[in-house]
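File shown: model_0.cif. Contents: mmCIF, C-alpha atoms (C1' of nucleotides) and all ligand atoms.
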data_entry
#
loop_
_atom_site.label_atom_id
_atom_site.label_comp_id
_atom_site.auth_asym_id
_atom_site.auth_seq_id
_atom_site.Cartn_x
_atom_site.Cartn_y
_atom_site.Cartn_z
CA MET O 1 -25.68 17.67 11.02
CA ASP O 2 -26.12 15.10 8.26
CA ALA O 3 -23.81 14.29 5.41
CA PRO O 4 -25.42 16.47 2.71
CA ASP O 5 -25.23 19.53 4.97
CA ILE O 6 -21.61 18.85 5.79
CA LEU O 7 -20.80 18.77 2.11
CA LYS O 8 -22.77 21.96 1.36
CA ASN O 9 -21.13 23.83 4.21
CA ARG O 10 -17.76 23.07 2.77
CA GLY O 11 -18.70 24.05 -0.75
CA LEU O 12 -18.73 20.57 -2.25
CA LYS O 13 -21.41 19.21 -4.54
CA VAL O 14 -23.74 16.76 -2.87
CA THR O 15 -23.32 13.50 -4.75
CA LYS O 16 -24.50 10.04 -3.83
CA ILE O 17 -21.08 8.53 -3.30
CA ARG O 18 -19.85 11.39 -1.13
CA VAL O 19 -22.87 11.07 1.10
CA ALA O 20 -22.44 7.30 1.20
CA ILE O 21 -18.78 7.56 2.19
CA LEU O 22 -19.43 10.06 4.96
CA GLU O 23 -22.27 7.97 6.32
CA ALA O 24 -20.32 4.72 6.16
CA MET O 25 -17.39 6.23 8.01
CA GLY O 26 -19.53 8.11 10.49
CA GLU O 27 -21.36 4.98 11.55
CA SER O 28 -18.33 2.79 12.09
CA ARG O 29 -16.46 5.25 14.30
CA GLN O 30 -13.35 3.49 13.05
CA ALA O 31 -11.09 3.64 10.07
CA LEU O 32 -12.35 1.64 7.12
CA PRO O 33 -10.07 -0.29 4.80
CA TYR O 34 -10.39 0.44 1.12
CA SER O 35 -11.45 -3.13 0.52
CA GLU O 36 -14.45 -2.63 2.77
CA LEU O 37 -15.43 0.68 1.23
CA GLN O 38 -15.25 -1.04 -2.11
CA LYS O 39 -17.73 -3.65 -0.93
CA LYS O 40 -20.12 -1.27 0.81
CA LEU O 41 -20.13 1.07 -2.16
CA SER O 42 -20.13 -1.54 -4.87
CA ILE O 43 -23.01 0.18 -6.65
CA PHE O 44 -20.51 2.82 -7.71
CA ASP O 45 -17.71 2.37 -10.17
CA ARG O 46 -14.40 1.84 -8.42
CA THR O 47 -12.83 4.67 -10.41
CA THR O 48 -15.39 7.02 -8.95
CA LEU O 49 -14.60 5.73 -5.48
CA TYR O 50 -10.91 6.22 -6.16
CA ARG O 51 -11.37 9.80 -7.36
CA THR O 52 -13.83 10.65 -4.63
CA LEU O 53 -11.40 9.49 -1.97
CA LEU O 54 -8.73 11.72 -3.53
CA VAL O 55 -11.05 14.71 -3.40
CA MET O 56 -12.18 14.05 0.14
CA ILE O 57 -8.60 13.73 1.32
CA ASP O 58 -7.70 16.95 -0.43
CA LYS O 59 -10.68 18.79 1.06
CA GLY O 60 -9.93 17.63 4.58
CA PHE O 61 -12.84 15.24 5.12
CA ILE O 62 -10.83 12.06 5.48
CA HIS O 63 -7.23 10.93 5.81
CA LYS O 64 -5.21 7.78 5.42
CA ALA O 65 -4.91 6.27 8.88
CA LEU O 66 -2.79 3.29 7.92
CA GLU O 67 -1.29 1.59 4.91
CA GLU O 68 -0.47 -2.04 5.55
CA ASN O 69 -0.07 -5.07 3.32
CA GLY O 70 -1.59 -3.29 0.40
CA ASP O 71 -4.73 -2.22 2.17
CA THR O 72 -5.33 1.42 3.05
CA TYR O 73 -7.42 2.43 6.03
CA TYR O 74 -9.35 5.70 5.80
CA ALA O 75 -10.68 7.69 8.75
CA LEU O 76 -12.73 10.84 9.19
CA CYS O 77 -10.77 13.98 9.94
CA SER O 78 -11.56 15.75 13.18
CA SER O 79 -10.69 19.31 12.27
CA CYS O 80 -9.14 19.51 8.83
CA THR O 81 -10.06 21.93 6.08
CA SER O 82 -9.01 22.15 2.46
CA LYS O 83 -6.33 24.59 3.62
CA VAL O 84 -5.13 23.10 6.89
CA HIS O 85 -4.50 19.42 7.48
CA ASN O 86 -3.89 18.28 11.05
CA HIS O 87 -3.05 14.64 11.52
CA ASN O 88 -0.75 14.77 14.48
CA HIS O 89 -2.45 11.99 16.36
CA VAL O 90 -1.83 8.33 16.96
CA HIS O 91 -3.24 5.47 14.93
CA PHE O 92 -3.97 2.22 16.62
CA LYS O 93 -4.46 -1.18 15.08
CA CYS O 94 -5.80 -4.11 17.08
CA LYS O 95 -3.97 -7.33 16.29
CA GLU O 96 -7.01 -9.36 17.27
CA CYS O 97 -9.85 -7.81 15.30
CA SER O 98 -7.78 -5.75 12.84
CA SER O 99 -9.76 -2.61 13.69
CA VAL O 100 -8.00 0.69 13.18
CA GLN O 101 -8.84 3.85 15.07
CA CYS O 102 -7.54 7.36 15.62
CA LEU O 103 -6.35 8.17 19.13
CA TYR O 104 -6.46 11.82 20.10
CA LEU O 105 -4.09 12.22 23.05
CA GLN O 106 -3.17 15.05 25.37
CA ASN O 107 0.58 15.32 25.20
CA GLU O 108 2.26 15.99 21.90
CA ILE O 109 5.10 13.71 20.93
CA GLY O 110 8.19 15.37 19.62
CA LEU O 111 11.41 14.19 18.07
CA SER O 112 14.66 15.96 17.44
CA ILE O 113 17.61 14.58 15.55
CA PRO O 114 20.84 16.43 14.70
CA GLU O 115 21.40 17.29 11.03
CA ILE O 116 17.88 16.30 10.07
CA SER O 117 14.91 18.61 9.90
CA ILE O 118 11.75 16.81 10.96
CA GLU O 119 8.44 18.31 9.92
CA THR O 120 5.87 15.64 10.66
CA ILE O 121 5.66 12.52 12.74
CA GLU O 122 3.33 9.58 12.27
CA ILE O 123 2.81 7.10 15.06
CA THR O 124 1.17 3.73 14.68
CA ALA O 125 0.56 1.64 17.77
CA LYS O 126 -0.46 -2.00 17.71
CA GLY O 127 -1.91 -4.17 20.41
CA THR O 128 -5.28 -5.26 21.70
CA CYS O 129 -8.29 -2.97 21.69
CA SER O 130 -10.59 -2.55 24.68
CA LEU O 131 -13.30 -4.68 23.13
CA CYS O 132 -11.02 -7.60 22.39
CA ARG O 133 -9.51 -7.35 25.85
CA LEU O 134 -12.93 -7.91 27.38
CA THR O 135 -13.63 -10.84 25.10
CA ASN O 136 -10.44 -12.64 26.14
CA MET I 1 31.81 -10.29 6.28
CA ASP I 2 30.32 -10.70 2.85
CA ALA I 3 26.81 -11.70 1.89
CA PRO I 4 27.39 -15.45 1.34
CA ASP I 5 28.99 -15.79 4.77
CA ILE I 6 26.15 -13.94 6.41
CA LEU I 7 23.71 -16.36 4.86
CA LYS I 8 25.73 -19.43 5.83
CA ASN I 9 26.14 -18.25 9.40
CA ARG I 10 22.40 -18.03 9.73
CA GLY I 11 21.73 -21.38 8.19
CA LEU I 12 20.29 -20.20 4.91
CA LYS I 13 21.17 -21.54 1.52
CA VAL I 14 23.38 -19.25 -0.49
CA THR I 15 21.43 -18.38 -3.60
CA LYS I 16 22.08 -15.70 -6.19
CA ILE I 17 19.09 -13.56 -5.40
CA ARG I 18 19.72 -13.60 -1.66
CA VAL I 19 23.27 -12.46 -2.17
CA ALA I 20 22.11 -9.84 -4.63
CA ILE I 21 19.52 -8.46 -2.22
CA LEU I 22 21.94 -8.29 0.69
CA GLU I 23 24.54 -6.57 -1.47
CA ALA I 24 22.08 -4.10 -2.96
CA MET I 25 20.81 -3.10 0.45
CA GLY I 26 24.22 -3.05 2.05
CA GLU I 27 25.60 -0.64 -0.51
CA SER I 28 22.80 1.89 -0.40
CA ARG I 29 22.82 2.26 3.38
CA GLN I 30 19.18 3.23 2.98
CA ALA I 31 15.87 1.50 2.63
CA LEU I 32 15.10 0.43 -0.92
CA PRO I 33 11.63 0.58 -2.40
CA TYR I 34 10.31 -2.62 -3.88
CA SER I 35 10.13 -0.95 -7.26
CA GLU I 36 13.87 -0.34 -7.18
CA LEU I 37 14.69 -3.85 -6.05
CA GLN I 38 12.56 -5.07 -8.91
CA LYS I 39 14.66 -3.08 -11.35
CA LYS I 40 18.06 -3.94 -9.90
CA LEU I 41 17.17 -7.63 -9.74
CA SER I 42 15.29 -7.85 -12.99
CA ILE I 43 17.31 -10.91 -14.02
CA PHE I 44 15.26 -12.84 -11.48
CA ASP I 45 11.61 -13.70 -11.74
CA ARG I 46 9.52 -11.34 -9.66
CA THR I 47 7.84 -14.25 -7.89
CA THR I 48 11.23 -15.34 -6.67
CA LEU I 49 11.92 -11.82 -5.46
CA TYR I 50 8.56 -11.79 -3.72
CA ARG I 51 9.16 -15.09 -1.96
CA THR I 52 12.75 -14.28 -1.13
CA LEU I 53 11.70 -11.05 0.54
CA LEU I 54 9.17 -13.01 2.60
CA VAL I 55 11.87 -15.44 3.74
CA MET I 56 14.37 -12.72 4.55
CA ILE I 57 11.82 -10.83 6.60
CA ASP I 58 10.94 -14.00 8.45
CA LYS I 59 14.57 -14.84 9.10
CA GLY I 60 15.36 -11.39 10.43
CA PHE I 61 17.56 -10.10 7.62
CA ILE I 62 15.33 -7.29 6.45
CA HIS I 63 12.18 -5.47 7.51
CA LYS I 64 9.59 -3.21 6.00
CA ALA I 65 10.65 0.33 6.84
CA LEU I 66 7.73 2.11 5.22
CA GLU I 67 4.64 1.43 3.18
CA GLU I 68 3.43 4.46 1.30
CA ASN I 69 1.38 4.94 -1.82
CA GLY I 70 1.64 1.31 -2.75
CA ASP I 71 5.41 1.20 -2.60
CA THR I 72 7.14 -0.72 0.18
CA TYR I 73 10.58 0.25 1.45
CA TYR I 74 12.82 -2.52 2.76
CA ALA I 75 15.80 -2.03 5.07
CA LEU I 76 18.43 -4.25 6.57
CA CYS I 77 17.83 -5.33 10.15
CA SER I 78 20.43 -4.36 12.69
CA SER I 79 20.06 -7.17 15.19
CA CYS I 80 17.13 -9.40 14.32
CA THR I 81 17.12 -13.17 14.23
CA SER I 82 14.57 -15.66 13.02
CA LYS I 83 13.38 -15.83 16.62
CA VAL I 84 13.57 -12.24 17.81
CA HIS I 85 12.52 -9.24 15.77
CA ASN I 86 13.46 -5.81 17.08
CA HIS I 87 12.17 -2.89 15.09
CA ASN I 88 11.65 -0.34 17.77
CA HIS I 89 13.39 2.44 15.95
CA VAL I 90 12.33 5.44 13.93
CA HIS I 91 11.94 5.54 10.17
CA PHE I 92 12.64 8.74 8.37
CA LYS I 93 11.59 9.78 4.89
CA CYS I 94 13.02 12.83 3.19
CA LYS I 95 10.36 14.81 1.35
CA GLU I 96 12.96 16.18 -1.05
CA CYS I 97 14.80 13.10 -2.29
CA SER I 98 12.32 10.43 -1.09
CA SER I 99 15.09 8.53 0.65
CA VAL I 100 14.09 6.38 3.59
CA GLN I 101 16.40 5.44 6.43
CA CYS I 102 16.34 3.82 9.84
CA LEU I 103 17.17 6.07 12.78
CA TYR I 104 18.53 4.32 15.84
CA LEU I 105 18.02 6.72 18.74
CA GLN I 106 18.94 6.72 22.40
CA ASN I 107 15.73 7.27 24.27
CA GLU I 108 12.88 4.85 23.85
CA ILE I 109 9.50 6.28 23.08
CA GLY I 110 6.61 4.93 25.05
CA LEU I 111 2.87 5.31 24.90
CA SER I 112 0.20 4.44 27.40
CA ILE I 113 -3.53 4.63 26.85
CA PRO I 114 -6.24 3.51 29.26
CA GLU I 115 -8.27 0.45 28.25
CA ILE I 116 -5.91 -0.36 25.38
CA SER I 117 -2.96 -2.69 25.55
CA ILE I 118 -0.16 -1.44 23.32
CA GLU I 119 2.51 -3.92 22.29
CA THR I 120 4.44 -2.21 19.53
CA ILE I 121 4.89 1.32 18.28
CA GLU I 122 5.99 2.41 14.83
CA ILE I 123 7.20 5.92 14.26
CA THR I 124 7.67 7.52 10.87
CA ALA I 125 9.19 10.96 10.68
CA LYS I 126 9.24 13.09 7.55
CA GLY I 127 11.24 16.15 6.70
CA THR I 128 14.51 17.03 4.99
CA CYS I 129 17.57 14.83 5.20
CA SER I 130 21.03 16.17 5.95
CA LEU I 131 22.16 15.87 2.34
CA CYS I 132 19.19 17.76 0.95
CA ARG I 133 19.61 20.43 3.62
CA LEU I 134 23.11 21.13 2.40
CA THR I 135 21.99 21.27 -1.21
CA ASN I 136 19.35 23.92 -0.48
"C1'" DA A 1 -39.75 24.84 -14.41
"C1'" DC A 2 -36.03 25.02 -17.73
"C1'" DA A 3 -31.59 25.89 -20.00
"C1'" DT A 4 -26.65 26.25 -19.12
"C1'" DT A 5 -22.27 24.61 -17.66
"C1'" DA A 6 -18.65 23.02 -14.88
"C1'" DA A 7 -18.10 19.09 -12.26
"C1'" DA A 8 -18.77 14.30 -11.46
"C1'" DT A 9 -19.44 9.77 -13.20
"C1'" DG A 10 -18.95 5.27 -15.73
"C1'" DC A 11 -16.42 2.56 -18.84
"C1'" DA A 12 -12.41 0.88 -21.01
"C1'" DA A 13 -7.82 0.10 -20.68
"C1'" DC A 14 -3.00 -0.37 -19.01
"C1'" DG A 15 0.71 -1.33 -15.68
"C1'" DG A 16 2.20 -2.83 -11.20
"C1'" DT A 17 1.76 -5.76 -7.07
"C1'" DG A 18 0.29 -9.80 -4.20
"C1'" DT A 19 -0.40 -14.52 -4.36
"C1'" DT A 20 -0.69 -19.49 -5.53
"C1'" DG A 21 0.16 -24.02 -7.99
"C1'" DC A 22 3.21 -26.80 -10.30
"C1'" DA A 23 7.04 -28.49 -12.88
"C1'" DT A 24 11.99 -27.84 -13.06
"C1'" DT A 25 16.42 -26.62 -11.26
"C1'" DT A 26 19.79 -26.14 -7.72
"C1'" DA A 27 22.42 -25.90 -3.22
"C1'" DA A 28 23.85 -28.67 0.42
"C1'" DT A 29 25.07 -33.20 2.31
"C1'" DG A 30 27.39 -37.48 2.68
"C1'" DC X 1 28.82 -37.98 -7.71
"C1'" DA X 2 24.10 -39.28 -6.14
"C1'" DT X 3 20.34 -37.80 -3.21
"C1'" DT X 4 16.92 -34.66 -1.70
"C1'" DA X 5 14.79 -30.83 0.32
"C1'" DA X 6 14.66 -26.25 -0.92
"C1'" DA X 7 14.56 -22.69 -4.27
"C1'" DT X 8 13.31 -21.08 -8.76
"C1'" DG X 9 10.71 -19.86 -13.04
"C1'" DC X 10 6.49 -19.74 -15.42
"C1'" DA X 11 1.66 -19.27 -15.85
"C1'" DA X 12 -2.31 -17.49 -14.07
"C1'" DC X 13 -5.59 -14.79 -11.37
"C1'" DA X 14 -7.30 -10.99 -8.44
"C1'" DC X 15 -6.88 -6.43 -6.84
"C1'" DC X 16 -5.32 -1.67 -6.84
"C1'" DG X 17 -3.70 2.78 -8.90
"C1'" DT X 18 -4.20 5.62 -12.68
"C1'" DT X 19 -5.63 7.98 -17.02
"C1'" DG X 20 -8.55 9.36 -21.13
"C1'" DC X 21 -12.86 10.15 -22.86
"C1'" DA X 22 -17.75 10.22 -23.58
"C1'" DT X 23 -21.92 10.76 -20.83
"C1'" DT X 24 -24.55 12.25 -16.93
"C1'" DT X 25 -25.63 15.26 -13.20
"C1'" DA X 26 -25.73 18.97 -9.50
"C1'" DA X 27 -25.83 23.72 -9.04
"C1'" DT X 28 -26.98 28.25 -10.79
"C1'" DG X 29 -29.48 31.89 -12.98
"C1'" DT X 30 -33.49 33.00 -15.84
MN MN O 201 -6.40 9.47 12.09
MN MN O 202 14.14 0.16 10.07
ZN ZN O 203 -9.82 -5.60 18.68
ZN ZN O 204 16.83 14.06 1.06
#

Write out the structure in this file as structure tokens.
Amino acid sequence: MDAPDILKNRGLKVTKIRVAILEAMGESRQALPYSELQKKLSIFDRTTLYRTLLVMIDKGFIHKALEENGDTYYALCSSCTSKVHNHNHVHFKCKECSSVQCLYLQNEIGLSIPEISIETIEITAKGTCSLCRLTN
Amino acid sequence: MDAPDILKNRGLKVTKIRVAILEAMGESRQALPYSELQKKLSIFDRTTLYRTLLVMIDKGFIHKALEENGDTYYALCSSCTSKVHNHNHVHFKCKECSSVQCLYLQNEIGLSIPEISIETIEITAKGTCSLCRLTN
DNA sequence: ACATTAAATGCAACGGTGTTGCATTTAATG
DNA sequence: CATTAAATGCAACACCGTTGCATTTAATGT
């Protein structure tokens, strides 16, 4: 299913920038830093990009995978809706190539601390990705 | 041991802003967002604050506990040196009062994924802190 | 195909943060 | 107290987050 259909099915207007964002993120298979989205979508005003990202987060199309050193990495959601947001997966950043990806694992990771009520857990792993391991 | 001694013992010059940062963070017992440090230390130029934070991270005095929505939370290190940085602990943010703290737990949390070599893991938990739970 | 309208867009503008260069000041040392 | 490497303050620039407002556009019904 292509980007315009995805948008229609979820009751969102089909606009150029929304299509462009979905296509850019679908191709890369990885999280994209804001700075790169900005470059790829430089035909659009950055305010429009900013507001579109807000909408697409809210509607469950994308999520923030990582915020680091002022850059924010965005990734496609796997099963979110405007009502239900599920981001209980691991984010991985390669120290070599700086790529960021979502890792969907089998076993859930839980935490329990006395006195504190924990609702969500975010895990960011860092190391060397499979591609960079081959290169070395 | 007070802030000037801590700095001397680690071979750093005792300057006003370094003392002020150590004291501000020591009192709060929590991570402080950059924005708050900026306010508390407004007598200093913000470039100096910026560079001092860089040095103190490098020297193992403080670390970034959380980066979220453009604000960075800094916390005191428990046992880091300029050579060895140990941040394998959990960071917790209360959704009620926005406080951020370091949680030093017993059991280590490990992750293992085929093809990928994981070196470090960062865990951020969110929920309601003990103080806010009492208030509710 | 065309008019209607709510939503989306582009532009301007402001404040905050990250970052660097450079001249000046200061903490440590003997 | 003199020396000097380190730290500081100031200026400057780029980038990001955010908002208001006027204009354009996608969707809908006729
Ligand atoms: Mn993800
Ligand atoms: Mn910490
Ligand atoms: Zn890599
Ligand atoms: Zn709280």

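A search radius of 12 Å centred on (24.2, -29.4, 1.9), applied to all atoms listed in the file, returns the residues Lys8, Gly11, Leu12, Lys13 and Val14 of chain I; DT26, DA27, DA28, DT29 and DG30 of chain A; DT3, DT4, DA5 and DA6 of chain X.
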
File dump, residues just selected, C-alpha atoms (C1' of nucleotides), as a compact mmCIF listing (two decimals), keeping the file's coordinate frame:
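After the write, part.txt holds the following:
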# COMPACT_ATOMS: atom_id res chain seq x y z
CA LYS I 8 25.73 -19.43 5.83
CA GLY I 11 21.73 -21.38 8.19
CA LEU I 12 20.29 -20.20 4.91
CA LYS I 13 21.17 -21.54 1.52
CA VAL I 14 23.38 -19.25 -0.49
C1' DT A 26 19.79 -26.14 -7.72
C1' DA A 27 22.42 -25.90 -3.22
C1' DA A 28 23.85 -28.67 0.42
C1' DT A 29 25.07 -33.20 2.31
C1' DG A 30 27.39 -37.48 2.68
C1' DT X 3 20.34 -37.80 -3.21
C1' DT X 4 16.92 -34.66 -1.70
C1' DA X 5 14.79 -30.83 0.32
C1' DA X 6 14.66 -26.25 -0.92

### Task
All residues within 8 Å of ligand ZN 203 (chain O) are required, counting only C-alpha atoms (C1' of nucleotides) and all ligand atoms; please report them as a PyMOL selection string.
chain O and resi 93-99+128-133

### Message
What are the residues of chain O lining chain X at 12 Å or less? Count only C-alpha atoms (C1' of nucleotides), and put the answer as a list of chain:residue names.
### Response
O:Lys8, O:Gly11, O:Leu12, O:Lys13, O:Val14, O:Thr15, O:Lys16, O:Tyr34, O:Ser35, O:Gln38, O:Arg46, O:Thr47, O:Thr48, O:Leu49, O:Tyr50, O:Arg51, O:Leu54, O:Asn69, O:Gly70, O:Asp71, O:Thr72

### Query
Given a cut-off of 9 Å, which residues of chain A touch chain O, counting all atoms listed in the file, written out as a PyMOL selection string?
chain A and resi 7-11+17-18

### Query
Got a sec to pull out which chain I residues are within 6 Å of chain O, counting all atoms listed in the file, and send them as a count of residues only?
16

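Our summary of the geometry notes that CA of Thr81 (chain O) is positioned 15.7 Å from CA of Ala3 (chain O).
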
### Message
Hey, which residues sit close to ligand MN 201 (chain O)? Say within 10 Å, counting all atoms listed in the file, and write them as JSON, numbers by chain.
### Response
{"O": [30, 31, 62, 63, 64, 65, 66, 73, 74, 75, 76, 77, 78, 86, 87, 88, 89, 90, 91, 92, 100, 101, 102, 103, 104, 122, 123, 124]}

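Of note, CA of Asp5 (chain I) and CA of Pro33 (chain I) are spaced 24.9 Å apart.
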
Could you work out an axis-aligned box for region 9-26 of chain O, taking every atom the file lists and adding 3 Å on each side, and report centre and edge lengths in Å to one decimal, as AutoDock Vina command-line options?
--center_x -20.9 --center_y 14.4 --center_z 2.9 --size_x 13.1 --size_y 25.3 --size_z 21.2

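Picture a line from CA of Lys59 (chain I) to CA of Glu23 (chain I); it runs 16.7 Å.
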